Every structure is written in C-alpha cells, then in structure tokens.
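Chemist: What follows is a single structure, and I will ask about it in a moment.
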2 protein chains.
Amino acid sequence: MNLKELSQILNLSQTTVSRALNGYPEVNEGTRQRVMQAARQHGYEPNAAARRLATGKANAIGCVTVADDGMSPHFMEFLAGVNEQAGKEDLDVVLASAEQGEEEAAYRRLAGHGRVDAVFLFAPSKSDPRIELLQELNLPFIAYGRATAIDLEYPALDADIETAFFNASRLLTQLGHKSIALLNGPKGLSTSLQRDAGFRRALKEAGGKPPRDKALNGDLSERSGYKGACRLLDADSPPTALLCASLFSAKGAERAAIERDLTIGADLSLIAQDDGFPYLDAETFSAPLTTARAPLRKAGKRVAERLSARIKGVEKEPKVEVWTAELVMRASIGPPKS
Amino acid sequence: MNLKELSQILNLSQTTVSRALNGYPEVNEGTRQRVMQAARQHGYEPNAAARRLATGKANAIGCVTVADDGMSPHFMEFLAGVNEQAGKEDLDVVLASAEQGEEEAAYRRLAGHGRVDAVFLFAPSKSDPRIELLQELNLPFIAYGRATAIDLEYPALDADIETAFFNASRLLTQLGHKSIALLNGPKGLSTSLQRDAGFRRALKEAGGKPPRDKALNGDLSERSGYKGACRLLDADSPPTALLCASLFSAKGAERAAIERDLTIGADLSLIAQDDGFPYLDAETFSAPLTTARAPLRKAGKRVAERLSARIKGVEKEPKVEVWTAELVMRASIGPPKS
DNA sequence: AGGGTCTCCAAAAGCGCTTTGAAGTGGGCG
DNA sequence: CGCCCACTTCAAAGCGCTTTTGGAGACCCT
C-alpha cells in the first residue's frame, strides 16, 4: 500500500492525502478524518526512503562505532540512553560499525545525505580528529566528553570528573590519609586524564607534606581493579585510601582488600566513579561506597535531546554543557587507622 | 556532489558512472578507473535514501526496543555483537525505540519499506505476539531465544540453558549435595524457565532421596544475588550449593558467603551462567567460578550473520540453531562439607 | 449580479539513484 | 567492402514521497 494506491481508493489526489496525513492546515477536517481512517484501515505506512529523499530529512541520529574497542559497556550504556530519548523525539538511531582506521570513511558515508541528520561522538580522545572531520563534513554533532587539546568550538556535554576527583581526593587528605592511590582507566583517555588531574591537584594543595601518591592505569574491569589493588596493597607502605575509575574496578579492589582481611571504610577507604550501570550498585559493597556519580544513560538521553534540538534548528550555538559529578557520601571512607 | 554532477564532470552518463561505481561488468576498465578516481577526488558519496528508494534494499537491520525494560545490559551486550558483525556485512543497525505497548506500531513502521531489510528479536517471551506479527508483516527476522509456547516455525538462535543447568545441577548432586538452590532470573522469562526446568529435572533424576531444592526469582543484579543468597544462607538447613543466573548475582552471592565466612568451593559450591560481559570475569572470583557459558556478544554476531544471509536470500528455511551452553569447570565447586 | 477572497484540490516537478532497452562504436570475418 | 557481433555507452523511465503552482469552486461583500 503506497500513497498512490491509497489516494486512488479515496478518490483524492496524492497531494491531498499527503497533506491530510502530515497535518497541513489547508485540508478539510472531514476529508482529513476520512483519509486518516482509510490509512489506518489499509495499514498504510509511508516509505521512509522516499520521504527522506523528498524532504532531505532522515529523522535519525547515529554514530559510528569501531569494531574492537568502540563497543565497551560504557558506550553501550550511553547508547541505551541515547536510544531511549531518541524514541521520544521520534528519531531512529543508526549504528554504523567500521573497522579500526576506517572511521573517517564511515563518517563520510553517514554524512552522505540520507542516513542520519546528526551524530554523536562518545568519549573523544584528547585531540580527536573526528571533530574537525565532522565540522568539515558539516554534519551536526554533539560530543560526550571534551577533546581538551582542540581549540575549535563545538557542542558538547561533559561530566566534570576532574572536579569530582579533586573533591574526592581532597576529602581523603582532609581525613588525614597520607598515602592515597588512584586506580585509573586506560591511559590517554580524556576521562582518565581528568581523574589524574583532579587527583594530583588535590594532593598538591593538601597542607603540609603532600601525601604519598600512586596512580595506575588499567581498564575498567573487575580483574584489572583486583590486580591493581593487589599490587598497591602488597607494596611497602600501602595506600590507606583508594580511588577507582569504575565500580567494577572498585569491586576488584574490594576483593583484594577482603582477601587481605582489610575492612573497607576502616582499614581502607574507597571511592569510585559510578557510571550508573545497572546490575552493579554502589550500595551493595561490603561497605556502601562513596562515589562520584556520572550517570551515562542520563547523559545519553541529554545528548539525544540536544541533537534533536539541533536538527530542528532550536539549538544553534556550540554550547558546552558541563555536569558536575556529584560526590555521594557513603560508609566506605574514614580516617586512616594508625 | 551527486551522481549527476559527477557524471557531468566526467562527461559520462549517470548510467555509466553508476555502473562503474557499483562494479557492473559492462563498463570499460579504463573508464571505471577514471570514474573511481574522480569519485574519490570529489568525495562523492551516493545518497543512501535515493539508493534505497531505487533498489528497495535498505542495507540495514534493526530492532525495536522498549524504553523501560528493553534495554538491559544483556540486550546491549547482544546488540554490541549484532553491530560488530553488521559492520562486516556492510549493514547498518537501526534502533527504533517505542513506548511500552506501542511496539506493534513500531514494527509496522519499520516494515514500512525503506528502513530495514530485516529485524532481530531479543529474548522473546513464552508466547511472544511479535513473532506472529512479523510473519504477518512479512519482515524477515531471527529471534534470539525460543518462544516455547508458539507452534509457528520461525528462524531462531538459542542457547541451551536448560541442558546446561541440568548438567550443572546433576554435577552438584553427584558431588553429594543434599540441598541445592537456584537464584534464578525474572519470573516468566524463557531463560528463567529453562534454568528452572533443567534444575528440577536434575534433582528429580538424582538417585535416592532427592535433594532439598529451593528456587528464587530476582533480577540479574549483584544486589538481587546478595539478597537472595542472604535469605537462603540464613534459613534453616541452608543450601550447600548455589546456581546463579548471572555473574552479577553470583558476585552478590559471593559477597553474602564471604560475609558469613563461608569459603566458595569448600563451604559453598557456586555455579553461574556466564553471559560473557566484559568487566566481569568468572575467573576473578574469590574462587574461580564454574560457569555455563552463553556468550551474548557472540550470539549477536551470529544473528547478524544469519540475518545478512536471509536478506541475500542465502538462508531461507526457518532454521533453529541451538548452541550448547558449555559447562566450564573451575574451582568454585566441591563436595559438601559434612 | 459582479468581482474579489478563501478554501480546497489536481497536476506536475523534483529528490538522487538504479536499471531497462537501445544506440553507437570498432574489429573480425566472409 | 559490407555485415554481424561484442563491447561500451547513453537516454529515459521509474522508485514513492513532498511541495510548488495554479485552477476551480464556494463564499462574501458591495
């Protein structure tokens, strides 16, 4: 069933049917009802490709993912948020998966009119080439995370992890910890850099002799957290407080602590970043975990919302929105035992 | 830059340029080179919508997600696999998010020619109405998981969780456990039913007096696993062996065990289903965990692969593919202490 | 009653691509 | 020398929709 057939059934022109269906004012209300009714009855659905071709609007947002590392749980969680909101904005989400190194071509293909109206960028690296590319391609986009080394103005959403980790670290120094460690995420990622910066700044600003500090890079898995914590805790003068880049690595750290008969909160203070993953919950640790909240799903929603606004032309300027990653106090921290 | 412009630059007809670009044989090799070269140089990308309209092929697969419960980590992990493989098959993945109850309309819209060539269904319920709907809409699809109460023949992939949990449970009875419990997933889900069936069958078949059994439903989170395990372990005559529906709930169970000074493997045997989530790893438990492997990402890949085959017309019959969920033995199980 | 203003609809022109059917080359052969 | 065929190329017709243009009626006002 297409427009032509439907209009023939109704004894109307395609124009009229199209207008009736799309809510244009210049059509008789009675006619409109009749058209809508017939459309429903015959199960008419407009052909998306044809509409796209005619209007130049795809009614879709998207992103290109890289096969190997691009599809982390973090990304997927963010994507879940994007998708959820996109549904409310009546947008499809299209994923274009590219091989490592073929990303640019994939973006060019997406930009090739007709697939998506806009894209989002997840966790751009420090000087991510994609930003310049997208501007050159004139494809509207919003980045989640800041490419700190890039001067260009571009729309973004960012969680202020730096401040969160600064506050968290300062809290620990203020509690009197003299040896604090950071179990950070992968080297080079801008969030990792933010954590590191906040951490170091807090230690530097701590009055008196700055505490001993130690930072390790790893991925965000339980295994990595466990390994890192083992290394730290088994060293000479182990840290009495630990900052973790994710709840997963915090889980690993907890395991390492328990294995060593250290009680979280009493023997070892623990703070982690909570990305809001389902299934894993800051409160369900052996001591409820103090966290810096940076909920990915919510961020994804917001990005989809702004993308929709950009497509509609409502949002125009390259606005950078920064969300504070709020510190949630729970029982996993305390003064060092001595 | 569109086809017309490009062909004008080249002084060729659109036909020839199109054929050259799409690898048709009836074009001079020299001309083809010239065309390819010019296309690259001018950054020509064919308009996807136009191509779709002309060919009737969307070169995309998709699915409709439901805002609230449809976007579990399980689904996202599966989706990651789909997307990865889709990239290799040169297919886009499109997500259409619908409000609860609006799913049918969303499928109809997707079927409205031009958006996707096929869809996948994740974890259909026992008698999922979507299956009939899709057959009626004539939209090719593959389901991951079986709608057991439906008689229709339809293409699917399934992990044989029932057998896996049967084997796991039997293993525990053979080790001599007299009280075994199952921390199952949400009630009504077909995987939950499979686990339950396998579990009960094994206990029934155990020689002599059948062991005491207990099954709890919950979600698949750490918190739920913890709570369930607490309830079980604090009851009279607590189980000496525990089956968990996910690594997350197993993590929770582990925490409950540790809290009670029970050693996994010695005081409490633990077996869990491992869906292959990154970040959480069966080996990184206080005792490496025996698991039934049912890797979601791999399944997603396979579904995308088969979907591609269906689109191309290579796969035609409603083939049901069943993967055994292999039991991986690790140190978390042993005979009961007595 | 005539002219002007609205309201509603039909026809047709794209949107950018693929694909059909036909035409233009040139070479080989009789 | 002319004919046929293989090899290339081209013009044009859609694909199904939106949107512009312009015309036909209906209605109102003077």
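Lettering and numbering for the structure tokens are positional, with chains as A, B, ... in the shown order, residues counted from 1 in each chain, and ligands counted from 1 in the shown order.
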Counting only C-alpha atoms (C1' of nucleotides), which residues of chain C come no farther than 7 Å from chain B, as a list in words?
Modeler: DG16, DC17 and DT18 of chain C
Chemist: Could you list, with a cut-off of 12 Å and counting only C-alpha atoms (C1' of nucleotides), the residues of chain C near segment 8-23 of chain D, each shown with its nearest atom pair and the distance in Å rounded to one decimal, rows sorted by chain and ascending number, as JSON lines?
Modeler:
{"residue": "C:DC8", "atom": "C1'", "partner": "D:DG23", "partner_atom": "C1'", "distance": 10.7}
{"residue": "C:DC9", "atom": "C1'", "partner": "D:DG23", "partner_atom": "C1'", "distance": 9.1}
{"residue": "C:DA10", "atom": "C1'", "partner": "D:DG23", "partner_atom": "C1'", "distance": 8.6}
{"residue": "C:DA11", "atom": "C1'", "partner": "D:DT21", "partner_atom": "C1'", "distance": 9.1}
{"residue": "C:DA12", "atom": "C1'", "partner": "D:DT21", "partner_atom": "C1'", "distance": 8.8}
{"residue": "C:DA13", "atom": "C1'", "partner": "D:DT20", "partner_atom": "C1'", "distance": 8.1}
{"residue": "C:DG14", "atom": "C1'", "partner": "D:DT19", "partner_atom": "C1'", "distance": 9.0}
{"residue": "C:DC15", "atom": "C1'", "partner": "D:DC17", "partner_atom": "C1'", "distance": 9.0}
{"residue": "C:DG16", "atom": "C1'", "partner": "D:DC15", "partner_atom": "C1'", "distance": 10.7}
{"residue": "C:DC17", "atom": "C1'", "partner": "D:DC15", "partner_atom": "C1'", "distance": 9.0}
{"residue": "C:DT18", "atom": "C1'", "partner": "D:DC15", "partner_atom": "C1'", "distance": 9.0}
{"residue": "C:DT19", "atom": "C1'", "partner": "D:DG14", "partner_atom": "C1'", "distance": 8.9}
{"residue": "C:DT20", "atom": "C1'", "partner": "D:DA13", "partner_atom": "C1'", "distance": 8.3}
{"residue": "C:DG21", "atom": "C1'", "partner": "D:DA12", "partner_atom": "C1'", "distance": 9.5}
{"residue": "C:DA22", "atom": "C1'", "partner": "D:DC10", "partner_atom": "C1'", "distance": 8.6}
{"residue": "C:DA23", "atom": "C1'", "partner": "D:DC10", "partner_atom": "C1'", "distance": 7.6}
{"residue": "C:DG24", "atom": "C1'", "partner": "D:DT9", "partner_atom": "C1'", "distance": 7.6}
{"residue": "C:DT25", "atom": "C1'", "partner": "D:DT8", "partner_atom": "C1'", "distance": 7.7}
{"residue": "C:DG26", "atom": "C1'", "partner": "D:DT8", "partner_atom": "C1'", "distance": 10.3}
Chemist: Got a sec to pull out which chain A residues are within 7 Å of chain B, counting only C-alpha atoms, and send them as a ChimeraX atom specification?
Modeler: /A:45-50,52-53,67,71,76,80,83-84,87,92-98,109,112-115,220-223,248,279-280,284
Chemist: Using the selection just defined, write its residues with C-alpha atoms as a PDB file, in the first residue's frame.
Modeler:
ATOM      1  CA  GLU A  45       2.908   3.353   6.163  1.00  0.00           C
ATOM      2  CA  PRO A  46       4.819   5.927   4.179  1.00  0.00           C
ATOM      3  CA  ASN A  47       8.006   4.661   2.627  1.00  0.00           C
ATOM      4  CA  ALA A  48      10.794   6.067   4.713  1.00  0.00           C
ATOM      5  CA  ALA A  49      13.332   6.180   1.917  1.00  0.00           C
ATOM      6  CA  ALA A  50      11.023   8.082  -0.358  1.00  0.00           C
ATOM      7  CA  ARG A  52      13.804  11.035   3.123  1.00  0.00           C
ATOM      8  CA  LEU A  53      14.626  11.583  -0.456  1.00  0.00           C
ATOM      9  CA  ALA A  67      34.565  -2.953  15.995  1.00  0.00           C
ATOM     10  CA  MET A  71      31.733  -1.036  21.992  1.00  0.00           C
ATOM     11  CA  MET A  76      26.554   0.683  25.285  1.00  0.00           C
ATOM     12  CA  ALA A  80      20.894   2.951  25.777  1.00  0.00           C
ATOM     13  CA  ASN A  83      18.132   5.413  22.147  1.00  0.00           C
ATOM     14  CA  GLU A  84      15.601   5.867  24.859  1.00  0.00           C
ATOM     15  CA  GLY A  87      12.391   7.271  20.732  1.00  0.00           C
ATOM     16  CA  ASP A  92      15.796   6.380  14.840  1.00  0.00           C
ATOM     17  CA  VAL A  93      19.272   5.563  15.992  1.00  0.00           C
ATOM     18  CA  VAL A  94      21.592   4.124  13.412  1.00  0.00           C
ATOM     19  CA  LEU A  95      24.838   2.427  14.214  1.00  0.00           C
ATOM     20  CA  ALA A  96      27.470   2.188  11.553  1.00  0.00           C
ATOM     21  CA  SER A  97      30.224  -0.143  12.550  1.00  0.00           C
ATOM     22  CA  ALA A  98      33.612   0.430  10.981  1.00  0.00           C
ATOM     23  CA  ARG A 109      29.316   7.694   4.273  1.00  0.00           C
ATOM     24  CA  GLY A 112      26.311  11.219   2.519  1.00  0.00           C
ATOM     25  CA  HIS A 113      22.887  12.635   2.847  1.00  0.00           C
ATOM     26  CA  GLY A 114      20.033  10.360   3.697  1.00  0.00           C
ATOM     27  CA  ARG A 115      21.206   8.211   6.552  1.00  0.00           C
ATOM     28  CA  LEU A 220      37.786  -0.663  33.970  1.00  0.00           C
ATOM     29  CA  SER A 221      37.239  -4.320  34.715  1.00  0.00           C
ATOM     30  CA  GLU A 222      36.958  -6.157  37.961  1.00  0.00           C
ATOM     31  CA  ARG A 223      40.066  -8.092  37.091  1.00  0.00           C
ATOM     32  CA  PHE A 248      33.886  -2.691  38.503  1.00  0.00           C
ATOM     33  CA  TYR A 279      23.312  -4.671  37.946  1.00  0.00           C
ATOM     34  CA  LEU A 280      26.092  -3.055  39.932  1.00  0.00           C
ATOM     35  CA  THR A 284      25.954  -3.174  47.529  1.00  0.00           C
TER      36      THR A 284
END
Chemist: Work out how far atom CA of His74 of chain B is from atom CA of Asp117 of chain B, in Å to one decimal.
Modeler: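 One can read the atom CA of Asp117 of chain B to atom CA of His74 of chain B distance as 23.9 Å.
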Chemist: What is the distance, in Å and to one decimal place, between atom CA of Gln100 of chain B and atom CA of Arg32 of chain A?
Modeler: 28.0 Å
Chemist: From segment 276-306 of chain B, collect each residue whose DSSP state is strand (DSSP E or B) and return the set as a compact mmCIF listing (two decimals) with C-alpha atoms, in the first residue's frame.
Modeler:
# COMPACT_ATOMS: atom_id res chain seq x y z
CA THR B 290 32.38 -22.85 37.35
CA THR B 291 30.08 -21.46 34.69
CA ALA B 292 27.69 -22.28 31.91
CA ARG B 293 28.88 -20.16 29.03
Chemist: Please provide as a list in words all residues within 10 Å of segment 197-208 of chain A, with the sequence filter that same-chain residues fewer than 4 positions apart are discarded (counting only C-alpha atoms (C1' of nucleotides)).
Modeler: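 My list of contacting residues is Asp160, Ile161, Glu162, Thr163, Ala164, Phe165, Phe166, Asn167, Ala168, Ser169, Arg170, Leu171, Leu172, Thr173, Gln174, Gly176, Lys178, Ser179, Ile180, Ala181, Leu182, Thr191, Ser192, Leu193, Arg212, Asp213, Lys214, Ala215 and Leu243 of chain A.
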Chemist: Would you save the residues from that selection as a PDB file, in the first residue's frame, using N, CA and C atoms?
Modeler:
ATOM      1  N   ASP A 160      32.056  16.660  34.793  1.00  0.00           N
ATOM      2  CA  ASP A 160      33.269  17.241  35.367  1.00  0.00           C
ATOM      3  C   ASP A 160      33.919  16.263  36.330  1.00  0.00           C
ATOM      4  N   ILE A 161      34.551  15.294  35.738  1.00  0.00           N
ATOM      5  CA  ILE A 161      35.226  14.262  36.512  1.00  0.00           C
ATOM      6  C   ILE A 161      36.421  14.837  37.259  1.00  0.00           C
ATOM      7  N   GLU A 162      37.021  15.809  36.660  1.00  0.00           N
ATOM      8  CA  GLU A 162      38.212  16.386  37.281  1.00  0.00           C
ATOM      9  C   GLU A 162      37.878  16.944  38.658  1.00  0.00           C
ATOM     10  N   THR A 163      36.864  17.786  38.694  1.00  0.00           N
ATOM     11  CA  THR A 163      36.463  18.357  39.981  1.00  0.00           C
ATOM     12  C   THR A 163      36.013  17.273  40.955  1.00  0.00           C
ATOM     13  N   ALA A 164      35.286  16.308  40.422  1.00  0.00           N
ATOM     14  CA  ALA A 164      34.813  15.232  41.295  1.00  0.00           C
ATOM     15  C   ALA A 164      35.990  14.507  41.940  1.00  0.00           C
ATOM     16  N   PHE A 165      37.002  14.225  41.140  1.00  0.00           N
ATOM     17  CA  PHE A 165      38.140  13.508  41.711  1.00  0.00           C
ATOM     18  C   PHE A 165      39.011  14.423  42.560  1.00  0.00           C
ATOM     19  N   PHE A 166      38.974  15.700  42.243  1.00  0.00           N
ATOM     20  CA  PHE A 166      39.647  16.653  43.124  1.00  0.00           C
ATOM     21  C   PHE A 166      38.983  16.638  44.493  1.00  0.00           C
ATOM     22  N   ASN A 167      37.675  16.785  44.486  1.00  0.00           N
ATOM     23  CA  ASN A 167      36.941  16.800  45.754  1.00  0.00           C
ATOM     24  C   ASN A 167      37.120  15.501  46.524  1.00  0.00           C
ATOM     25  N   ALA A 168      37.041  14.412  45.790  1.00  0.00           N
ATOM     26  CA  ALA A 168      37.188  13.111  46.442  1.00  0.00           C
ATOM     27  C   ALA A 168      38.573  12.991  47.081  1.00  0.00           C
ATOM     28  N   SER A 169      39.568  13.403  46.330  1.00  0.00           N
ATOM     29  CA  SER A 169      40.936  13.268  46.837  1.00  0.00           C
ATOM     30  C   SER A 169      41.163  14.202  48.019  1.00  0.00           C
ATOM     31  N   ARG A 170      40.615  15.414  47.904  1.00  0.00           N
ATOM     32  CA  ARG A 170      40.792  16.367  48.995  1.00  0.00           C
ATOM     33  C   ARG A 170      40.121  15.841  50.256  1.00  0.00           C
ATOM     34  N   LEU A 171      38.957  15.265  50.051  1.00  0.00           N
ATOM     35  CA  LEU A 171      38.256  14.670  51.178  1.00  0.00           C
ATOM     36  C   LEU A 171      39.155  13.667  51.897  1.00  0.00           C
ATOM     37  N   LEU A 172      39.846  12.882  51.117  1.00  0.00           N
ATOM     38  CA  LEU A 172      40.712  11.861  51.713  1.00  0.00           C
ATOM     39  C   LEU A 172      41.899  12.491  52.428  1.00  0.00           C
ATOM     40  N   THR A 173      42.467  13.523  51.826  1.00  0.00           N
ATOM     41  CA  THR A 173      43.591  14.173  52.513  1.00  0.00           C
ATOM     42  C   THR A 173      43.091  14.825  53.790  1.00  0.00           C
ATOM     43  N   GLN A 174      41.926  15.399  53.712  1.00  0.00           N
ATOM     44  CA  GLN A 174      41.395  16.056  54.909  1.00  0.00           C
ATOM     45  C   GLN A 174      41.096  15.065  56.021  1.00  0.00           C
ATOM     46  N   GLY A 176      42.946  12.827  56.627  1.00  0.00           N
ATOM     47  CA  GLY A 176      44.241  12.530  57.218  1.00  0.00           C
ATOM     48  C   GLY A 176      45.041  11.444  56.516  1.00  0.00           C
ATOM     49  N   LYS A 178      47.649   9.713  54.344  1.00  0.00           N
ATOM     50  CA  LYS A 178      48.994  10.127  53.953  1.00  0.00           C
ATOM     51  C   LYS A 178      49.487   9.374  52.727  1.00  0.00           C
ATOM     52  N   SER A 179      48.714   8.370  52.340  1.00  0.00           N
ATOM     53  CA  SER A 179      49.125   7.609  51.169  1.00  0.00           C
ATOM     54  C   SER A 179      47.866   7.197  50.408  1.00  0.00           C
ATOM     55  N   ILE A 180      47.702   7.831  49.281  1.00  0.00           N
ATOM     56  CA  ILE A 180      46.483   7.645  48.506  1.00  0.00           C
ATOM     57  C   ILE A 180      46.851   7.162  47.116  1.00  0.00           C
ATOM     58  N   ALA A 181      46.037   6.265  46.583  1.00  0.00           N
ATOM     59  CA  ALA A 181      46.337   5.770  45.236  1.00  0.00           C
ATOM     60  C   ALA A 181      45.119   5.911  44.332  1.00  0.00           C
ATOM     61  N   LEU A 182      45.422   5.995  43.063  1.00  0.00           N
ATOM     62  CA  LEU A 182      44.371   6.118  42.058  1.00  0.00           C
ATOM     63  C   LEU A 182      44.448   4.949  41.095  1.00  0.00           C
ATOM     64  N   THR A 191      38.851  11.093  30.072  1.00  0.00           N
ATOM     65  CA  THR A 191      38.367  10.950  31.445  1.00  0.00           C
ATOM     66  C   THR A 191      39.487  10.511  32.383  1.00  0.00           C
ATOM     67  N   SER A 192      40.360   9.664  31.887  1.00  0.00           N
ATOM     68  CA  SER A 192      41.480   9.250  32.726  1.00  0.00           C
ATOM     69  C   SER A 192      42.339  10.461  33.083  1.00  0.00           C
ATOM     70  N   LEU A 193      42.546  11.290  32.095  1.00  0.00           N
ATOM     71  CA  LEU A 193      43.355  12.482  32.327  1.00  0.00           C
ATOM     72  C   LEU A 193      42.685  13.394  33.348  1.00  0.00           C
ATOM     73  N   ARG A 212      51.799  10.668  50.030  1.00  0.00           N
ATOM     74  CA  ARG A 212      52.349   9.808  49.008  1.00  0.00           C
ATOM     75  C   ARG A 212      51.236   9.494  48.021  1.00  0.00           C
ATOM     76  N   ASP A 213      51.562   9.518  46.768  1.00  0.00           N
ATOM     77  CA  ASP A 213      50.519   9.182  45.807  1.00  0.00           C
ATOM     78  C   ASP A 213      51.042   8.181  44.802  1.00  0.00           C
ATOM     79  N   LYS A 214      50.132   7.520  44.213  1.00  0.00           N
ATOM     80  CA  LYS A 214      50.490   6.479  43.255  1.00  0.00           C
ATOM     81  C   LYS A 214      49.298   6.357  42.313  1.00  0.00           C
ATOM     82  N   ALA A 215      49.572   6.325  41.027  1.00  0.00           N
ATOM     83  CA  ALA A 215      48.459   6.153  40.082  1.00  0.00           C
ATOM     84  C   ALA A 215      48.788   5.051  39.097  1.00  0.00           C
ATOM     85  N   LEU A 243      41.205   5.452  45.104  1.00  0.00           N
ATOM     86  CA  LEU A 243      40.191   5.987  44.195  1.00  0.00           C
ATOM     87  C   LEU A 243      40.115   5.077  42.980  1.00  0.00           C
TER      88      LEU A 243
END
Chemist: For Leu152 of chain A, work out the shell of residues within 9 Å, counting only C-alpha atoms (C1' of nucleotides) and skipping chain neighbours fewer than 2 positions away, then give it as a PyMOL selection string.
Modeler: chain A and resi 131-132+150+154
Chemist: May I ask which of the residues B:Val27, B:Leu12, B:Leu289, B:Ala229 is the closest one to Leu262 of chain B, counting only C-alpha atoms?
Modeler: B:Ala229
Chemist: Applying 8 Å and only C-alpha atoms (C1' of nucleotides), which residues near Cys244 of chain A remain after dropping the ones on its own chain fewer than 6 positions away? List them as a count of residues only.
Modeler: 9
Chemist: Output as an MDAnalysis selection string all residues of segment 105-298 of chain B that backbone DSSP marks as helix (DSSP H, G or I).
Modeler: chainID B and resid 105:111 129:137 161:174 190:205 222:233 247:259 296:298
Chemist: Could you name the residues that touch Asp128 of chain A at 10 Å or less, counting only C-alpha atoms (C1' of nucleotides), but leaving out those on the same chain fewer than 4 positions away, as number ranges by chain?
Modeler: A: 121, 123-124, 132-133, 146-150
Chemist: Would you save the residues of that selection, restricted to N, CA and C atoms, as a compact mmCIF listing (two decimals), in the first residue's frame?
Modeler:
# COMPACT_ATOMS: atom_id res chain seq x y z
N LEU A 121 29.27 11.80 19.33
CA LEU A 121 30.63 11.30 19.49
C LEU A 121 30.79 10.89 20.93
N ALA A 123 33.08 9.94 24.04
CA ALA A 123 34.42 9.96 24.63
C ALA A 123 35.52 10.23 23.61
N PRO A 124 35.52 11.41 23.03
CA PRO A 124 36.58 11.74 22.09
C PRO A 124 37.93 11.76 22.80
N GLU A 132 37.21 17.74 13.84
CA GLU A 132 37.46 18.57 12.67
C GLU A 132 36.76 17.97 11.45
N LEU A 133 36.84 16.66 11.36
CA LEU A 133 36.19 15.98 10.24
C LEU A 133 34.71 16.30 10.16
N ARG A 146 35.09 16.00 26.45
CA ARG A 146 35.77 17.09 25.78
C ARG A 146 37.09 16.64 25.19
N ALA A 147 37.34 17.07 23.97
CA ALA A 147 38.66 16.87 23.40
C ALA A 147 39.51 18.06 23.82
N THR A 148 40.19 17.89 24.92
CA THR A 148 40.81 19.04 25.59
C THR A 148 41.86 19.76 24.77
N ALA A 149 42.49 19.02 23.87
CA ALA A 149 43.59 19.64 23.15
C ALA A 149 43.13 20.33 21.87
N ILE A 150 41.82 20.40 21.69
CA ILE A 150 41.32 21.02 20.46
C ILE A 150 40.73 22.38 20.76
